[in-house]
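Listing of structure_28.cif; format and content: mmCIF, C-alpha atoms.
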data_start
loop_
_atom_site.group_PDB
_atom_site.id
_atom_site.type_symbol
_atom_site.label_atom_id
_atom_site.label_comp_id
_atom_site.auth_asym_id
_atom_site.auth_seq_id
_atom_site.Cartn_x
_atom_site.Cartn_y
_atom_site.Cartn_z
ATOM 1 C CA LEU M 241 82.861 112.899 96.344
ATOM 2 C CA GLY M 242 84.975 116.014 96.282
ATOM 3 C CA ASP M 243 88.337 115.148 94.748
ATOM 4 C CA GLU M 244 87.672 111.411 94.878
ATOM 5 C CA THR M 245 85.942 109.080 92.461
ATOM 6 C CA VAL M 246 84.318 105.852 93.553
ATOM 7 C CA LEU M 247 84.314 102.832 91.245
ATOM 8 C CA ILE M 248 82.019 99.921 91.982
ATOM 9 C CA HIS M 249 82.724 96.604 90.337
ATOM 10 C CA MET M 250 79.205 95.388 89.628
ATOM 11 C CA LYS M 251 80.111 91.684 89.478
ATOM 12 C CA THR M 252 82.105 91.568 92.709
ATOM 13 C CA ASP M 253 80.505 94.474 94.625
ATOM 14 C CA ARG M 254 84.008 95.691 95.437
ATOM 15 C CA ILE M 255 84.444 99.428 95.881
ATOM 16 C CA PHE M 256 87.520 101.344 94.746
ATOM 17 C CA VAL M 257 88.252 104.940 95.693
ATOM 18 C CA LEU M 258 90.466 106.993 93.398
ATOM 19 C CA ASN M 259 92.103 110.227 94.498
ATOM 20 C CA ARG M 260 92.145 113.282 92.248
ATOM 21 C CA THR M 261 94.994 112.074 90.046
ATOM 22 C CA GLY M 262 93.617 108.542 89.842
ATOM 23 C CA ALA M 263 90.213 109.938 88.943
ATOM 24 C CA ARG M 264 91.774 112.024 86.174
ATOM 25 C CA LEU M 265 93.574 108.953 84.850
ATOM 26 C CA TRP M 266 90.266 107.053 84.862
ATOM 27 C CA GLU M 267 88.585 109.906 82.994
ATOM 28 C CA LEU M 268 91.316 110.037 80.354
ATOM 29 C CA LEU M 269 91.358 106.242 79.966
ATOM 30 C CA SER M 270 87.591 106.285 79.529
ATOM 31 C CA SER M 271 87.886 108.860 76.770
ATOM 32 C CA GLY M 272 89.931 106.429 74.681
ATOM 33 C CA LEU M 273 93.208 108.349 74.647
ATOM 34 C CA GLU M 274 96.500 106.554 74.098
ATOM 35 C CA ARG M 275 98.794 106.073 77.089
ATOM 36 C CA SER M 276 101.347 108.620 75.802
ATOM 37 C CA ASP M 277 98.623 111.259 75.361
ATOM 38 C CA ILE M 278 97.272 110.567 78.835
ATOM 39 C CA GLN M 279 100.687 110.982 80.438
ATOM 40 C CA ARG M 280 101.417 114.140 78.467
ATOM 41 C CA ARG M 281 98.154 115.705 79.636
ATOM 42 C CA MET M 282 98.675 114.651 83.234
ATOM 43 C CA LEU M 283 102.198 116.085 83.249
ATOM 44 C CA GLN M 284 100.713 119.406 82.136
ATOM 45 C CA GLU M 285 97.946 119.294 84.753
ATOM 46 C CA PHE M 286 99.818 118.043 87.826
ATOM 47 C CA ASP M 287 103.037 119.127 89.491
ATOM 48 C CA VAL M 288 104.809 115.779 89.317
ATOM 49 C CA ALA M 289 108.077 114.433 87.929
ATOM 50 C CA GLU M 290 107.708 112.332 84.784
ATOM 51 C CA HIS M 291 109.293 109.235 86.340
ATOM 52 C CA GLN M 292 106.974 109.453 89.343
ATOM 53 C CA LEU M 293 103.897 109.865 87.143
ATOM 54 C CA THR M 294 104.949 106.912 84.981
ATOM 55 C CA SER M 295 105.406 104.731 88.049
ATOM 56 C CA GLU M 296 102.044 105.722 89.532
ATOM 57 C CA VAL M 297 100.191 105.310 86.230
ATOM 58 C CA ASP M 298 101.772 101.857 85.791
ATOM 59 C CA ALA M 299 100.701 100.815 89.283
ATOM 60 C CA LEU M 300 97.116 102.040 88.905
ATOM 61 C CA VAL M 301 96.661 100.576 85.414
ATOM 62 C CA THR M 302 97.991 97.222 86.660
ATOM 63 C CA SER M 303 95.623 97.325 89.617
ATOM 64 C CA LEU M 304 92.641 98.212 87.413
ATOM 65 C CA LYS M 305 93.521 95.364 85.029
ATOM 66 C CA ASP M 306 93.969 92.890 87.895
ATOM 67 C CA GLU M 307 90.502 93.825 89.193
ATOM 68 C CA HIS M 308 89.030 93.548 85.672
ATOM 69 C CA LEU M 309 87.919 97.177 85.733
ATOM 70 C CA ILE M 310 89.740 97.771 82.464
ATOM 71 C CA VAL M 311 90.757 95.349 79.743
ATOM 72 C CA PRO M 312 93.961 95.540 77.726
ATOM 73 C CA ALA M 313 93.507 96.988 74.268
#
In structure tokens, how does this file's structure come out?
Amino acid sequence: LGDETVLIHMKTDRIFVLNRTGARLWELLSSGLERSDIQRRMLQEFDVAEHQLTSEVDALVTSLKDEHLIVPA
């Protein structure tokens, strides 16, 4: 969907829409990269301050865990 990615939780039928940066985080998480590698790549790809990226990654990862879309390693 353009710059957005749609996640559908198959057990709850809930729909989650990720913007471009959230979609990239999802892609990198899905590839099995470590958190530090993910943040390093995203800092290279997006024009964002490190503290802001860290905060946004924390918030999205927490949300994905709370919704059981990802499980802690």
Note to self: For a test of reading the model, state the distance in Å between atom CA of Ile310 of chain M and atom CA of Arg280 of chain M, rounded to one decimal.
What the structure shows: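 Separation of atom CA of Ile310 of chain M and atom CA of Arg280 of chain M: 20.5 Å.
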Check: Within 7 Å of segment 241-249 of chain M, counting all atoms listed in the file, which residues qualify if same-chain residues fewer than 3 places away don't, as a list in words?
Finding: Thr252, Asp253, Arg254, Ile255, Phe256, Val257, Leu258, Asn259, Arg260, Ala263 and Leu309 of chain M
Next item on the list: May I ask which of the residues M:Val297, M:Leu283, M:Val288, M:Met250 is the closest one to Trp266 of chain M, counting all atoms listed in the file?
Entry: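 Checking each candidate against Trp266 of chain M, we get M:Val297 as the closest.
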Next item on the list: Taking the file as shown, find all residues satisfying the PyMOL selection byres ((chain M and resi 282) around 12) and write them as a PyMOL selection string.
Entry: chain M and resi 260-269+273+275-281+283-290+292-294+296-297
Next item on the list: Could you jot down the atom CA of Lys251 of chain M to atom CA of Ser295 of chain M separation for me, Å, one decimal place?
Entry: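 Computing it gives 28.5 Å between the two atoms.
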How big is the axis-aligned box, and where does its centre sit, when it encloses all atoms of segment 258-277 of chain M listed in the file and has 5 Å added on every side, reported in Å to one decimal as AutoDock Vina command-line options?
--center_x 94.5 --center_y 109.7 --center_z 84.3 --size_x 23.8 --size_y 17.2 --size_z 30.4
Rebuild segment 250-262 of chain M to N, CA and C atoms - output it as an mmCIF file, keeping the file's coordinate frame, please.
data_model
loop_
_atom_site.group_PDB
_atom_site.id
_atom_site.type_symbol
_atom_site.label_atom_id
_atom_site.label_comp_id
_atom_site.auth_asym_id
_atom_site.auth_seq_id
_atom_site.Cartn_x
_atom_site.Cartn_y
_atom_site.Cartn_z
ATOM 1 N N MET M 250 80.565 95.903 89.514
ATOM 2 C CA MET M 250 79.205 95.388 89.628
ATOM 3 C C MET M 250 79.146 93.870 89.817
ATOM 4 N N LYS M 251 80.132 93.144 89.334
ATOM 5 C CA LYS M 251 80.111 91.684 89.478
ATOM 6 C C LYS M 251 80.609 91.222 90.840
ATOM 7 N N THR M 252 81.520 91.990 91.431
ATOM 8 C CA THR M 252 82.105 91.568 92.709
ATOM 9 C C THR M 252 81.632 92.414 93.885
ATOM 10 N N ASP M 253 80.947 93.518 93.596
ATOM 11 C CA ASP M 253 80.505 94.474 94.625
ATOM 12 C C ASP M 253 81.671 95.109 95.384
ATOM 13 N N ARG M 254 82.862 95.039 94.811
ATOM 14 C CA ARG M 254 84.008 95.691 95.437
ATOM 15 C C ARG M 254 83.985 97.176 95.093
ATOM 16 N N ILE M 255 84.424 97.976 96.036
ATOM 17 C CA ILE M 255 84.444 99.428 95.881
ATOM 18 C C ILE M 255 85.896 99.893 95.847
ATOM 19 N N PHE M 256 86.190 100.792 94.907
ATOM 20 C CA PHE M 256 87.520 101.344 94.746
ATOM 21 C C PHE M 256 87.404 102.861 94.786
ATOM 22 N N VAL M 257 88.260 103.486 95.576
ATOM 23 C CA VAL M 257 88.252 104.940 95.693
ATOM 24 C C VAL M 257 89.525 105.480 95.043
ATOM 25 N N LEU M 258 89.339 106.371 94.080
ATOM 26 C CA LEU M 258 90.466 106.993 93.398
ATOM 27 C C LEU M 258 90.621 108.428 93.877
ATOM 28 N N ASN M 259 91.857 108.832 94.143
ATOM 29 C CA ASN M 259 92.103 110.227 94.498
ATOM 30 C C ASN M 259 92.001 111.083 93.241
ATOM 31 N N ARG M 260 92.306 112.335 93.361
ATOM 32 C CA ARG M 260 92.145 113.282 92.248
ATOM 33 C C ARG M 260 92.940 112.876 91.008
ATOM 34 N N THR M 261 94.184 112.467 91.200
ATOM 35 C CA THR M 261 94.994 112.074 90.046
ATOM 36 C C THR M 261 94.520 110.744 89.464
ATOM 37 N N GLY M 262 94.150 109.810 90.322
ATOM 38 C CA GLY M 262 93.617 108.542 89.842
ATOM 39 C C GLY M 262 92.309 108.733 89.098
#
